[in-house]
$ cat model.cif   # mmCIF, C-alpha atoms
data_protein
#
loop_
_atom_site.label_atom_id
_atom_site.label_comp_id
_atom_site.auth_asym_id
_atom_site.auth_seq_id
_atom_site.Cartn_x
_atom_site.Cartn_y
_atom_site.Cartn_z
CA MET A 20 33.33 22.18 -2.62
CA MET A 21 30.59 21.73 -0.10
CA ALA A 22 30.66 23.94 2.93
CA TRP A 23 30.85 22.03 6.19
CA PRO A 24 27.89 23.65 8.02
CA GLU A 25 25.57 22.84 5.12
CA SER A 26 26.89 19.29 4.82
CA ARG A 27 26.47 18.80 8.53
CA GLU A 28 22.90 20.05 8.33
CA VAL A 29 22.16 17.62 5.48
CA LEU A 30 23.67 14.68 7.38
CA TYR A 31 21.86 15.57 10.58
CA ASN A 32 18.55 15.91 8.71
CA GLY A 33 18.88 12.57 6.94
CA LEU A 34 20.11 10.54 9.85
CA TRP A 35 18.00 12.01 12.63
CA LYS A 36 15.96 15.22 12.42
CA GLN A 37 14.13 14.41 9.16
CA ASN A 38 14.77 10.66 9.21
CA PRO A 39 12.71 9.18 6.34
CA GLY A 40 11.78 6.07 8.30
CA ILE A 41 10.54 7.48 11.59
CA ILE A 42 9.87 11.18 10.94
CA GLN A 43 8.87 11.65 7.32
CA LEU A 44 7.33 8.16 7.30
CA LEU A 45 8.23 7.75 3.66
CA GLY A 46 9.29 4.51 2.05
CA LEU A 47 7.14 2.37 4.31
CA CYS A 48 6.52 -0.33 1.70
CA PRO A 49 9.98 -1.94 1.93
CA LEU A 50 10.24 -0.92 5.57
CA LEU A 51 7.28 -3.08 6.43
CA ALA A 52 7.82 -5.87 3.96
CA ILE A 53 11.48 -6.73 4.19
CA SER A 54 12.49 -5.71 7.69
CA ASN A 55 11.90 -9.18 9.12
CA THR A 56 15.60 -10.00 9.47
CA VAL A 57 18.73 -7.91 9.85
CA VAL A 58 20.31 -9.16 6.64
CA ASN A 59 17.28 -8.31 4.49
CA ALA A 60 17.05 -4.89 6.09
CA LEU A 61 20.73 -4.13 5.59
CA ALA A 62 20.82 -5.31 1.97
CA LEU A 63 17.74 -3.38 0.89
CA GLY A 64 18.78 -0.31 2.88
CA LEU A 65 22.16 -0.15 1.17
CA ALA A 66 20.65 -0.76 -2.29
CA THR A 67 18.18 2.08 -1.67
CA THR A 68 21.01 4.34 -0.48
CA LEU A 69 22.95 3.64 -3.68
CA VAL A 70 19.92 4.43 -5.83
CA MET A 71 19.21 7.62 -3.89
CA ALA A 72 22.78 8.87 -4.15
CA ILE A 73 22.96 8.27 -7.91
CA ALA A 74 19.42 9.52 -8.62
CA SER A 75 19.87 12.70 -6.54
CA GLY A 76 23.28 13.34 -8.06
CA SER A 77 22.27 12.88 -11.68
CA ILE A 78 19.10 14.91 -11.30
CA ALA A 79 20.97 17.73 -9.57
CA VAL A 80 23.34 17.83 -12.55
CA ILE A 81 20.53 18.38 -15.04
CA ARG A 82 18.17 20.23 -12.67
CA ASN A 83 18.23 23.40 -14.80
CA LEU A 84 17.40 21.53 -18.01
CA ILE A 85 14.12 20.06 -16.80
CA PRO A 86 10.97 22.16 -17.38
CA SER A 87 9.20 22.50 -14.06
CA ALA A 88 5.86 21.23 -15.42
CA LEU A 89 7.52 18.02 -16.56
CA ARG A 90 9.75 17.39 -13.59
CA ILE A 91 7.78 14.55 -11.96
CA PRO A 92 7.53 12.34 -15.09
CA VAL A 93 11.19 13.02 -15.89
CA PHE A 94 12.27 12.21 -12.33
CA VAL A 95 10.29 8.97 -12.35
CA LEU A 96 11.77 8.06 -15.72
CA ILE A 97 15.31 8.65 -14.52
CA ILE A 98 14.78 6.81 -11.24
CA ALA A 99 13.19 3.83 -12.99
CA ALA A 100 16.02 3.65 -15.53
CA LEU A 101 18.67 3.84 -12.78
CA VAL A 102 16.99 1.19 -10.67
CA THR A 103 16.74 -1.12 -13.68
CA VAL A 104 20.42 -0.60 -14.50
CA ILE A 105 21.44 -1.33 -10.89
CA THR A 106 19.13 -4.36 -10.77
CA LEU A 107 20.72 -5.75 -13.95
CA ILE A 108 24.23 -5.18 -12.62
CA ILE A 109 23.44 -6.84 -9.29
CA GLN A 110 21.75 -9.72 -11.11
CA ALA A 111 24.83 -10.21 -13.29
CA TYR A 112 27.63 -9.83 -10.78
CA ALA A 113 26.10 -10.34 -7.32
CA GLN A 114 23.49 -13.00 -7.95
CA PRO A 115 23.18 -14.14 -4.30
CA LEU A 116 22.26 -10.60 -3.29
CA TYR A 117 19.78 -10.46 -6.16
CA LEU A 118 18.15 -13.66 -4.97
CA VAL A 119 17.87 -12.32 -1.41
CA LEU A 120 16.30 -9.00 -2.40
CA GLY A 121 14.08 -10.44 -5.13
CA ILE A 122 11.21 -8.25 -6.18
CA PHE A 123 12.08 -5.52 -3.66
CA LEU A 124 15.04 -4.44 -5.74
CA PRO A 125 13.03 -3.23 -8.78
CA LEU A 126 10.41 -1.95 -6.35
CA ILE A 127 12.88 0.69 -5.11
CA THR A 128 11.54 2.65 -8.09
CA THR A 129 8.20 3.01 -6.37
CA ASN A 130 9.70 3.91 -3.01
CA CYS A 131 8.40 7.43 -2.52
CA ILE A 132 11.40 8.50 -0.44
CA VAL A 133 13.57 8.46 -3.58
CA LEU A 134 11.19 10.69 -5.52
CA ALA A 135 10.53 12.85 -2.47
CA ARG A 136 14.21 13.69 -1.93
CA VAL A 137 14.77 14.32 -5.62
CA GLU A 138 11.79 16.67 -5.72
CA ALA A 139 12.40 18.39 -2.39
CA PHE A 140 16.18 18.60 -2.48
CA ALA A 141 18.11 17.53 -5.58
CA SER A 142 16.02 19.56 -8.01
CA LYS A 143 17.02 22.76 -6.19
CA GLN A 144 20.48 22.15 -4.71
CA PRO A 145 24.04 21.72 -6.00
CA THR A 146 25.19 18.29 -7.10
CA GLY A 147 27.60 17.46 -4.27
CA LEU A 148 25.12 18.38 -1.58
CA SER A 149 22.38 16.43 -3.37
CA ILE A 150 24.48 13.27 -3.45
CA LEU A 151 25.21 13.73 0.25
CA ASP A 152 21.49 14.20 0.91
CA GLY A 153 20.72 10.97 -0.96
CA ILE A 154 23.33 9.10 1.06
CA ALA A 155 22.25 10.61 4.39
CA MET A 156 18.56 9.91 3.76
CA GLY A 157 19.39 6.42 2.51
CA LEU A 158 21.51 5.66 5.57
CA GLY A 159 18.82 7.11 7.83
CA LEU A 160 16.35 4.70 6.26
CA THR A 161 18.88 1.85 6.50
CA GLY A 162 19.33 2.54 10.20
CA VAL A 163 15.60 2.33 10.85
CA LEU A 164 15.35 -0.79 8.67
CA ILE A 165 18.14 -2.47 10.65
CA ALA A 166 16.67 -1.48 14.01
CA LEU A 167 13.29 -2.81 12.94
CA GLY A 168 14.87 -5.93 11.40
CA ALA A 169 16.82 -6.65 14.59
CA LEU A 170 13.71 -6.12 16.73
CA ARG A 171 11.55 -8.39 14.58
CA GLU A 172 14.19 -11.07 14.13
CA LEU A 173 14.91 -11.10 17.86
CA PHE A 174 11.26 -11.45 18.90
CA GLY A 175 10.15 -13.48 15.92
CA LYS A 176 12.93 -16.03 15.72
CA GLY A 177 15.14 -15.46 18.76
CA THR A 178 18.21 -14.91 16.58
CA LEU A 179 20.22 -12.05 15.12
CA PHE A 180 22.09 -11.91 11.80
CA SER A 181 20.60 -15.15 10.48
CA GLY A 182 20.88 -15.62 6.74
CA PHE A 183 23.97 -13.50 6.23
CA ASP A 184 25.44 -16.41 4.29
CA LEU A 185 22.73 -15.89 1.64
CA ALA A 186 24.21 -12.50 0.85
CA LEU A 187 27.89 -12.99 1.65
CA GLY A 188 28.49 -16.68 0.95
CA GLU A 189 30.05 -19.39 3.08
CA MET A 190 32.25 -17.07 5.15
CA ALA A 191 29.18 -15.82 7.00
CA SER A 192 27.62 -19.23 7.58
CA ASN A 193 28.15 -19.14 11.34
CA TRP A 194 27.42 -15.49 12.00
CA THR A 195 23.95 -16.27 13.27
CA LEU A 196 23.65 -15.24 16.89
CA THR A 197 21.14 -17.33 18.80
CA VAL A 198 20.01 -14.97 21.52
CA PHE A 199 17.23 -17.08 22.98
CA PRO A 200 18.06 -20.80 22.62
CA ASP A 201 15.04 -23.10 22.11
CA TYR A 202 12.87 -20.11 21.29
CA SER A 203 9.62 -21.29 19.81
CA GLY A 204 9.20 -18.23 17.63
CA PHE A 205 6.64 -15.44 17.67
CA LEU A 206 5.02 -15.33 14.24
CA LEU A 207 3.37 -11.94 14.73
CA ALA A 208 6.77 -10.24 14.79
CA ILE A 209 7.75 -11.79 11.44
CA LEU A 210 4.41 -11.04 9.76
CA PRO A 211 3.54 -7.53 8.50
CA PRO A 212 1.64 -6.51 11.69
CA GLY A 213 4.92 -6.96 13.57
CA ALA A 214 6.44 -4.34 11.31
CA PHE A 215 3.68 -1.82 12.10
CA ILE A 216 3.93 -2.45 15.83
CA GLY A 217 7.73 -2.32 15.76
CA LEU A 218 7.70 0.90 13.74
CA GLY A 219 5.23 2.42 16.20
CA LEU A 220 7.55 1.55 19.09
CA LEU A 221 10.55 3.05 17.27
CA ILE A 222 8.67 6.29 16.56
CA ALA A 223 7.59 6.46 20.19
CA LEU A 224 11.16 5.94 21.35
CA ARG A 225 12.44 8.64 19.01
CA ASN A 226 9.78 11.11 20.17
CA PHE A 227 10.60 10.33 23.77
CA LEU A 228 14.31 10.95 23.20
CA HIS A 229 13.57 14.08 21.21
CA ALA A 230 11.29 15.54 23.90
CA ARG A 231 13.76 14.70 26.62
CA TYR A 232 16.93 16.08 25.06
CA SER A 233 15.81 19.15 23.17
CA MET B 30 -2.94 31.99 -16.00
CA SER B 31 -6.03 31.32 -18.08
CA SER B 32 -4.52 31.99 -21.48
CA THR B 33 -5.33 29.44 -24.15
CA PRO B 34 -2.70 26.73 -24.53
CA HIS B 35 0.01 27.60 -26.96
CA TRP B 36 0.54 24.81 -29.49
CA THR B 37 4.34 24.80 -29.59
CA ARG B 38 5.15 26.04 -26.10
CA ASP B 39 2.63 23.94 -24.17
CA ILE B 40 2.43 20.79 -26.23
CA LEU B 41 5.28 20.24 -28.67
CA GLN B 42 8.12 21.41 -26.46
CA PRO B 43 7.21 19.31 -23.42
CA ALA B 44 6.63 16.32 -25.69
CA ALA B 45 10.07 16.80 -27.22
CA VAL B 46 11.68 16.98 -23.78
CA LEU B 47 9.97 13.77 -22.72
CA VAL B 48 11.02 12.06 -25.94
CA VAL B 49 14.64 13.07 -25.37
CA PHE B 50 14.66 11.78 -21.80
CA SER B 51 12.90 8.57 -22.83
CA ALA B 52 15.44 8.02 -25.59
CA ILE B 53 18.35 8.56 -23.20
CA SER B 54 16.82 6.14 -20.68
CA ALA B 55 16.13 3.56 -23.36
CA PHE B 56 19.69 3.84 -24.63
CA LEU B 57 21.05 3.44 -21.08
CA LEU B 58 18.91 0.36 -20.51
CA PHE B 59 19.83 -1.13 -23.87
CA GLY B 60 23.53 -0.63 -23.16
CA THR B 61 23.37 -2.13 -19.67
CA HIS B 62 21.28 -5.03 -20.89
CA SER B 63 23.71 -5.85 -23.69
CA LEU B 64 26.67 -5.65 -21.33
CA THR B 65 25.15 -7.73 -18.55
CA ALA B 66 23.13 -10.28 -20.54
CA PRO B 67 26.00 -12.81 -20.92
CA ALA B 68 26.91 -12.56 -17.23
CA ILE B 69 23.26 -12.93 -16.22
CA ALA B 70 22.86 -15.97 -18.47
CA ARG B 71 26.02 -17.49 -17.01
CA ALA B 72 24.90 -16.83 -13.43
CA GLU B 73 21.48 -18.36 -14.15
CA ARG B 74 23.02 -21.45 -15.76
CA ALA B 75 25.34 -21.93 -12.78
CA LEU B 76 22.37 -21.55 -10.47
CA LYS B 77 20.40 -24.09 -12.50
CA ASN B 78 23.26 -26.58 -12.37
CA SER B 79 23.55 -26.30 -8.62
CA LEU B 80 19.78 -26.58 -8.29
CA LEU B 81 19.79 -29.70 -10.50
CA ALA B 82 22.55 -31.30 -8.44
CA GLN B 83 20.67 -30.52 -5.22
CA THR B 84 17.57 -32.42 -6.27
CA LEU B 85 19.44 -35.72 -6.21
CA PRO B 86 21.55 -37.45 -3.57
CA ALA B 87 25.16 -37.11 -4.74
CA ASP B 88 25.70 -40.88 -4.88
CA ARG B 89 22.82 -41.35 -7.33
CA PHE B 90 24.50 -39.90 -10.42
CA ASP B 91 27.92 -39.37 -11.90
CA ASN B 92 27.18 -37.49 -15.13
CA ASP B 93 27.13 -33.78 -15.96
CA LEU B 94 23.45 -33.06 -15.47
CA SER B 95 23.27 -29.87 -17.53
CA GLN B 96 24.65 -31.82 -20.52
CA ALA B 97 21.90 -34.43 -20.22
CA GLU B 98 19.11 -32.04 -21.12
CA ARG B 99 16.25 -33.31 -23.29
CA PRO B 100 13.04 -31.67 -24.50
CA LEU B 101 9.87 -32.15 -22.50
CA ALA B 102 6.48 -31.60 -24.13
CA THR B 103 3.75 -29.74 -22.28
CA ASP B 104 1.44 -31.94 -20.27
CA PRO B 105 -1.31 -31.00 -17.83
CA LEU B 106 0.36 -33.21 -15.23
CA LEU B 107 3.50 -31.11 -15.34
CA GLY B 108 1.74 -27.77 -15.48
CA LEU B 109 4.26 -26.31 -17.94
CA LYS B 110 2.92 -23.52 -20.11
CA ARG B 111 5.64 -23.99 -22.68
CA PRO B 112 7.63 -27.10 -23.60
CA GLY B 113 10.41 -27.47 -21.06
CA SER B 114 13.29 -29.81 -20.43
CA TYR B 115 14.15 -32.80 -18.39
CA PHE B 116 17.54 -34.12 -17.39
CA VAL B 117 18.58 -37.74 -17.26
CA ALA B 118 20.88 -38.65 -14.42
CA THR B 119 23.02 -41.72 -15.01
CA LEU B 120 25.18 -43.78 -12.69
CA LYS B 121 27.91 -45.84 -14.35
CA GLY B 122 26.15 -45.37 -17.70
CA GLN B 123 22.78 -46.59 -16.47
CA PRO B 124 19.87 -44.12 -16.13
CA SER B 125 19.31 -43.72 -12.41
CA ALA B 126 16.85 -40.86 -12.25
CA VAL B 127 15.18 -38.08 -14.22
CA ILE B 128 14.86 -34.46 -13.20
CA LEU B 129 11.67 -32.94 -14.59
CA GLU B 130 10.88 -29.28 -14.99
CA ALA B 131 7.41 -28.79 -13.64
CA SER B 132 5.22 -25.98 -12.45
CA ALA B 133 2.63 -25.43 -9.76
CA PRO B 134 0.28 -22.97 -11.45
CA ASP B 135 -1.80 -22.37 -8.32
CA GLY B 136 0.68 -20.68 -5.99
CA TYR B 137 -0.44 -17.75 -3.88
CA ALA B 138 1.18 -15.30 -6.30
CA GLY B 139 1.14 -17.18 -9.58
CA GLU B 140 3.31 -19.92 -10.91
CA ILE B 141 5.90 -21.74 -8.80
CA LYS B 142 8.53 -23.34 -11.05
CA LEU B 143 9.91 -26.59 -9.76
CA LEU B 144 12.60 -29.14 -10.47
CA ILE B 145 11.45 -32.58 -9.44
CA SER B 146 13.79 -35.55 -9.50
CA ILE B 147 12.32 -39.02 -9.62
CA LEU B 148 14.50 -42.08 -9.09
CA ALA B 149 14.20 -45.02 -11.48
CA ASP B 150 12.21 -46.95 -8.87
CA GLY B 151 9.51 -44.27 -8.77
CA ARG B 152 10.48 -42.54 -5.53
CA LEU B 153 11.09 -38.81 -5.37
CA GLY B 154 14.77 -37.95 -5.19
CA GLY B 155 13.94 -34.42 -4.20
CA VAL B 156 11.96 -31.32 -5.07
CA ARG B 157 13.46 -27.86 -5.49
CA VAL B 158 11.86 -24.52 -6.25
CA ALA B 159 13.50 -22.94 -9.29
CA SER B 160 11.60 -19.66 -9.14
CA HIS B 161 8.53 -18.27 -7.42
CA HIS B 162 6.77 -15.06 -6.51
CA GLU B 163 5.41 -16.07 -3.13
CA THR B 164 5.37 -13.59 -0.26
CA PRO B 165 8.94 -12.88 0.86
CA GLY B 166 9.48 -13.59 4.53
CA LEU B 167 6.26 -15.55 4.80
CA ALA B 168 6.10 -18.20 2.09
CA ASP B 169 9.74 -18.35 1.05
CA PHE B 170 10.36 -21.29 3.37
CA ILE B 171 9.83 -23.37 0.22
CA GLU B 172 13.39 -22.43 -0.78
CA ALA B 173 15.74 -25.16 0.39
CA LYS B 174 18.34 -22.68 1.61
CA ARG B 175 15.87 -21.00 3.94
CA SER B 176 14.17 -23.99 5.46
CA PRO B 177 14.34 -27.80 5.39
CA TRP B 178 10.61 -27.86 4.59
CA ILE B 179 11.06 -29.06 1.01
CA GLN B 180 13.15 -32.06 2.17
CA GLN B 181 10.02 -33.85 3.32
CA PHE B 182 9.35 -34.91 -0.27
CA ASN B 183 12.51 -37.02 -0.42
CA GLY B 184 11.69 -40.69 -0.86
CA LYS B 185 7.94 -40.20 -1.26
CA SER B 186 6.18 -42.09 -4.05
CA LEU B 187 2.72 -42.80 -5.44
CA GLN B 188 2.37 -45.74 -3.04
CA GLN B 189 3.99 -44.08 -0.02
CA PRO B 190 1.86 -42.18 0.95
CA SER B 191 -1.32 -43.23 -0.85
CA ASP B 192 -3.45 -40.71 -2.76
CA SER B 193 -5.27 -39.56 0.37
CA GLY B 194 -1.96 -38.74 2.06
CA TRP B 195 -0.83 -36.44 -0.75
CA LYS B 196 -2.20 -33.34 0.93
CA VAL B 197 -1.03 -30.88 3.53
CA LYS B 198 -1.85 -31.85 7.10
CA LYS B 199 -4.49 -29.16 7.34
CA ASP B 200 -6.40 -30.93 4.54
CA GLY B 201 -5.96 -34.34 6.18
CA GLY B 202 -2.78 -35.41 4.40
CA GLN B 203 0.79 -36.10 5.43
CA PHE B 204 2.67 -32.95 4.50
CA ASP B 205 3.63 -30.17 6.86
CA ALA B 206 2.59 -26.63 6.10
CA VAL B 207 3.22 -23.34 7.83
CA ALA B 208 0.46 -21.44 9.58
CA GLY B 209 -0.60 -18.40 7.60
CA ALA B 210 0.78 -19.77 4.33
CA THR B 211 -1.11 -22.88 3.30
CA VAL B 212 -1.79 -22.05 -0.34
CA THR B 213 1.89 -22.30 -1.28
CA PRO B 214 2.66 -25.74 0.21
CA ARG B 215 -0.67 -27.06 -1.05
CA ALA B 216 0.30 -26.07 -4.61
CA ILE B 217 3.70 -27.74 -4.35
CA VAL B 218 2.34 -30.96 -2.84
CA LYS B 219 -0.16 -31.22 -5.68
CA ALA B 220 2.50 -30.51 -8.31
CA ALA B 221 4.85 -33.17 -6.89
CA HIS B 222 2.03 -35.70 -6.84
CA ARG B 223 1.12 -34.92 -10.47
CA ALA B 224 4.76 -35.22 -11.54
CA LEU B 225 4.91 -38.72 -10.03
CA ARG B 226 1.83 -39.70 -12.02
CA TYR B 227 3.43 -38.28 -15.17
CA PHE B 228 6.56 -40.32 -14.49
CA GLU B 229 4.50 -43.48 -14.04
CA GLN B 230 2.83 -42.96 -17.41
CA HIS B 231 6.02 -42.09 -19.31
CA ARG B 232 8.58 -44.07 -17.36
CA ALA B 233 9.87 -46.11 -20.30
CA THR B 234 10.43 -43.21 -22.69
CA LEU B 235 11.89 -40.92 -20.01
CA LEU B 236 14.48 -43.44 -18.86
CA THR B 237 15.49 -44.88 -22.24
CA PRO B 238 19.26 -44.44 -22.46
CA GLU B 239 20.41 -42.27 -25.31
CA THR B 240 21.59 -44.36 -28.23
CA ALA B 241 25.33 -43.99 -28.65
CA PRO B 242 26.23 -42.09 -31.81
#

$ encode --input "model.cif" --output "structure tokens"
Amino acid sequence: MMAWPESREVLYNGLWKQNPGIIQLLGLCPLLAISNTVVNALALGLATTLVMAIASGSIAVIRNLIPSALRIPVFVLIIAALVTVITLIIQAYAQPLYLVLGIFLPLITTNCIVLARVEAFASKQPTGLSILDGIAMGLGLTGVLIALGALRELFGKGTLFSGFDLALGEMASNWTLTVFPDYSGFLLAILPPGAFIGLGLLIALRNFLHARYS
Amino acid sequence: MSSTPHWTRDILQPAAVLVVFSAISAFLLFGTHSLTAPAIARAERALKNSLLAQTLPADRFDNDLSQAERPLATDPLLGLKRPGSYFVATLKGQPSAVILEASAPDGYAGEIKLLISILADGRLGGVRVASHHETPGLADFIEAKRSPWIQQFNGKSLQQPSDSGWKVKKDGGQFDAVAGATVTPRAIVKAAHRALRYFEQHRATLLTPETAP
């Protein structure tokens, strides 16, 4: 079993100290592209977390079988196969989610955070810890995605949680929270530059907190 | 370090390892594809049915639209690369509208596939986007579930507006577009206009009721 101090270290690294979104600055492609609403951010974040957990776990299992010179092509092959399998399953059994995520689902393959964690962690560590690392890093990324999504949705459209019904069906049709009624919208926040500016603000906030409390 | 490459150790062995991993991946993909293909086909058919039904006001037809599928030849006015289908909506046994598969080839990121319903009197019943690759978050307002934008086609015809009005407002026409994403609406407006012209030319054959067996 995993020892608690190590697990705690892994969780702390993924969620805060080495957060992929605001510290390692890996996986920026989906971060910038799909973080325009909370629902998009949450859905892609969780899909990425799932891929990272499975990819890290399966690579940790076979880590001693892969020749070191070949590890990158083999990792990419495994990640691409896993992402395709998950995409097919989501397309078959959770079509609304598939329609929401669109092209960004297969593009998880190219998200460098997945490959980076596999290379830096799962290829050297035991399976259980590697799965935990995938989950922690994935959730760390999800957290940043959601924060950025909330920020952009709030300033761009004046709402929160709009579009949850696209992913969850009718039951979520009135979850949308209109924070600023009659808000005329601020296009910059929705467009890609809004993602860069928002990410910059989040990094600044994190650095401020870090400097203050450590 | 600088020893000459060893034929087996440096070339054959790595190649064999890659082949093994490729074979395992291919097998995994083949298995998943075989298992999920029926469910994916079912989900896509259900989606198509609901898309078809959305293109028409509910009181304009009473038949099962997916059962009324007929072949549609390629035509420059429809923009289809391959022969497609159209669907004949009937109300009390009389053809009331057709739903044409069409395509706007000049979207911002390639083809935008459309379903365009045209009522028997030559007015548009509605336009729906069946699939597209436009920028997510920016140009996906063309999807009916994200924005009412596409509703503005309802009731439009070749006479109303006239040819000069069949453009986005930015180009001097009647149709709304969204700042920062003009290419996409422009492509759809043009495709809808072309589909109406196609309907005008082929009206008789498209609406001929199927002969009872």

$ closest_residue --input "model.cif" --among "B:Glu229, B:Asp39, B:Asp150, B:Glu98" --to "chain A" --atoms "all atoms listed in the file"
B:Asp39

$ closest_residue --input "model.cif" --among "B:Gly194, B:Ala208, B:Phe116, B:Leu107" --to "Phe228 (chain B)" --atoms "all atoms listed in the file"
B:Leu107

$ resolve_selection --input "model.cif" --expression "the PyMOL selection byres ((chain A and resi 146) around 12)" --output "ChimeraX atom specification"
/A:20-21,72-83,137,140-145,147-153

$ closest_atom_pairs --input "model.cif" --of "chain A" --to "chain B" --cutoff "10 Å" --atoms "all atoms listed in the file" --output "JSON lines"
{"residue": "A:Ala52", "atom": "CA", "partner": "B:Pro165", "partner_atom": "CA", "distance": 7.7}
{"residue": "A:Ile53", "atom": "CA", "partner": "B:Gly166", "partner_atom": "CA", "distance": 7.2}
{"residue": "A:Ser54", "atom": "CA", "partner": "B:Gly166", "partner_atom": "CA", "distance": 9.0}
{"residue": "A:Asn55", "atom": "CA", "partner": "B:Gly166", "partner_atom": "CA", "distance": 6.8}
{"residue": "A:Thr56", "atom": "CA", "partner": "B:Gly166", "partner_atom": "CA", "distance": 8.6}
{"residue": "A:Asn59", "atom": "CA", "partner": "B:Gly166", "partner_atom": "CA", "distance": 9.4}
{"residue": "A:Leu84", "atom": "CA", "partner": "B:Val46", "partner_atom": "CA", "distance": 9.3}
{"residue": "A:Ile85", "atom": "CA", "partner": "B:Val46", "partner_atom": "CA", "distance": 8.0}
{"residue": "A:Pro86", "atom": "CA", "partner": "B:Pro43", "partner_atom": "CA", "distance": 7.7}
{"residue": "A:Ala88", "atom": "CA", "partner": "B:Pro43", "partner_atom": "CA", "distance": 8.3}
{"residue": "A:Leu89", "atom": "CA", "partner": "B:Pro43", "partner_atom": "CA", "distance": 7.0}
{"residue": "A:Arg90", "atom": "CA", "partner": "B:Leu47", "partner_atom": "CA", "distance": 9.8}
{"residue": "A:Pro92", "atom": "CA", "partner": "B:Leu47", "partner_atom": "CA", "distance": 8.1}
{"residue": "A:Val93", "atom": "CA", "partner": "B:Phe50", "partner_atom": "CA", "distance": 7.0}
{"residue": "A:Phe94", "atom": "CA", "partner": "B:Phe50", "partner_atom": "CA", "distance": 9.8}
{"residue": "A:Leu96", "atom": "CA", "partner": "B:Ser51", "partner_atom": "CA", "distance": 7.2}
{"residue": "A:Ile97", "atom": "CA", "partner": "B:Ser54", "partner_atom": "CA", "distance": 6.8}
{"residue": "A:Ile98", "atom": "CA", "partner": "B:Ser54", "partner_atom": "CA", "distance": 9.7}
{"residue": "A:Ala99", "atom": "CA", "partner": "B:Ser54", "partner_atom": "CA", "distance": 8.8}
{"residue": "A:Ala100", "atom": "CA", "partner": "B:Ser54", "partner_atom": "CA", "distance": 5.8}
{"residue": "A:Leu101", "atom": "CA", "partner": "B:Ser54", "partner_atom": "CA", "distance": 8.4}
{"residue": "A:Thr103", "atom": "CA", "partner": "B:Leu58", "partner_atom": "CA", "distance": 7.3}
{"residue": "A:Val104", "atom": "CA", "partner": "B:Thr61", "partner_atom": "CA", "distance": 6.1}
{"residue": "A:Ile105", "atom": "CA", "partner": "B:Thr61", "partner_atom": "CA", "distance": 9.0}
{"residue": "A:Leu107", "atom": "CA", "partner": "B:Thr65", "partner_atom": "CA", "distance": 6.7}
{"residue": "A:Ile108", "atom": "CA", "partner": "B:Thr65", "partner_atom": "CA", "distance": 6.5}
{"residue": "A:Ile109", "atom": "CA", "partner": "B:Ile69", "partner_atom": "CA", "distance": 9.2}
{"residue": "A:Gln110", "atom": "CA", "partner": "B:Ile69", "partner_atom": "CA", "distance": 6.2}
{"residue": "A:Ala111", "atom": "CA", "partner": "B:Ile69", "partner_atom": "CA", "distance": 4.3}
{"residue": "A:Tyr112", "atom": "CA", "partner": "B:Ala68", "partner_atom": "CA", "distance": 7.0}
{"residue": "A:Ala113", "atom": "CA", "partner": "B:Ala72", "partner_atom": "CA", "distance": 9.0}
{"residue": "A:Gln114", "atom": "CA", "partner": "B:Ala72", "partner_atom": "CA", "distance": 6.8}
{"residue": "A:Pro115", "atom": "CA", "partner": "B:Ala72", "partner_atom": "CA", "distance": 9.7}
{"residue": "A:Leu118", "atom": "CA", "partner": "B:Ser160", "partner_atom": "CA", "distance": 9.8}
{"residue": "A:Val119", "atom": "CA", "partner": "B:Pro165", "partner_atom": "CA", "distance": 9.2}
{"residue": "A:Leu120", "atom": "CA", "partner": "B:Pro165", "partner_atom": "CA", "distance": 8.9}
{"residue": "A:Gly121", "atom": "CA", "partner": "B:Pro165", "partner_atom": "CA", "distance": 8.3}
{"residue": "A:Ile122", "atom": "CA", "partner": "B:His162", "partner_atom": "CA", "distance": 8.1}
{"residue": "A:Phe123", "atom": "CA", "partner": "B:Pro165", "partner_atom": "CA", "distance": 9.2}
{"residue": "A:Ser181", "atom": "CA", "partner": "B:Arg175", "partner_atom": "CA", "distance": 10.0}
{"residue": "A:Gly182", "atom": "CA", "partner": "B:Arg175", "partner_atom": "CA", "distance": 7.9}
{"residue": "A:Asp184", "atom": "CA", "partner": "B:Lys174", "partner_atom": "CA", "distance": 9.8}
{"residue": "A:Leu185", "atom": "CA", "partner": "B:Lys174", "partner_atom": "CA", "distance": 8.1}
{"residue": "A:Leu206", "atom": "CA", "partner": "B:Ala208", "partner_atom": "CA", "distance": 8.9}
{"residue": "A:Ile209", "atom": "CA", "partner": "B:Gly166", "partner_atom": "CA", "distance": 7.3}
{"residue": "A:Leu210", "atom": "CA", "partner": "B:Leu167", "partner_atom": "CA", "distance": 7.0}
{"residue": "A:Pro211", "atom": "CA", "partner": "B:Leu167", "partner_atom": "CA", "distance": 9.2}

$ resolve_selection --input "model.cif" --expression "the PyMOL selection byres ((chain B and resi 84) around 7)" --output "number ranges by chain"
B: 80-83, 85-86, 145-146, 154-157

$ resolve_selection --input "model.cif" --expression "the PyMOL selection byres ((chain B and resi 129) around 6)" --output "list in words"
Tyr115, Ile128, Glu130, Leu144 and Ile145 of chain B

$ atom_distance --input "model.cif" --atom1 "CA of Ala60 (chain A)" --atom2 "CA of Gly136 (chain B)"
25.8 Å

$ atom_distance --input "model.cif" --atom1 "CA of Asn183 (chain B)" --atom2 "CA of Phe183 (chain A)"
27.0 Å

$ residues_near_point --input "model.cif" --point "(10.0, 11.7, -2.3)" --cutoff "12 Å" --atoms "only C-alpha atoms" --output "JSON, numbers by chain"
{"A": [39, 43, 44, 45, 46, 47, 71, 74, 75, 91, 94, 95, 98, 127, 128, 129, 130, 131, 132, 133, 134, 135, 136, 137, 138, 139, 140, 141, 142, 153, 156, 157]}

$ atom_distance --input "model.cif" --atom1 "CA of Leu106 (chain B)" --atom2 "CA of Ala118 (chain B)"
21.2 Å
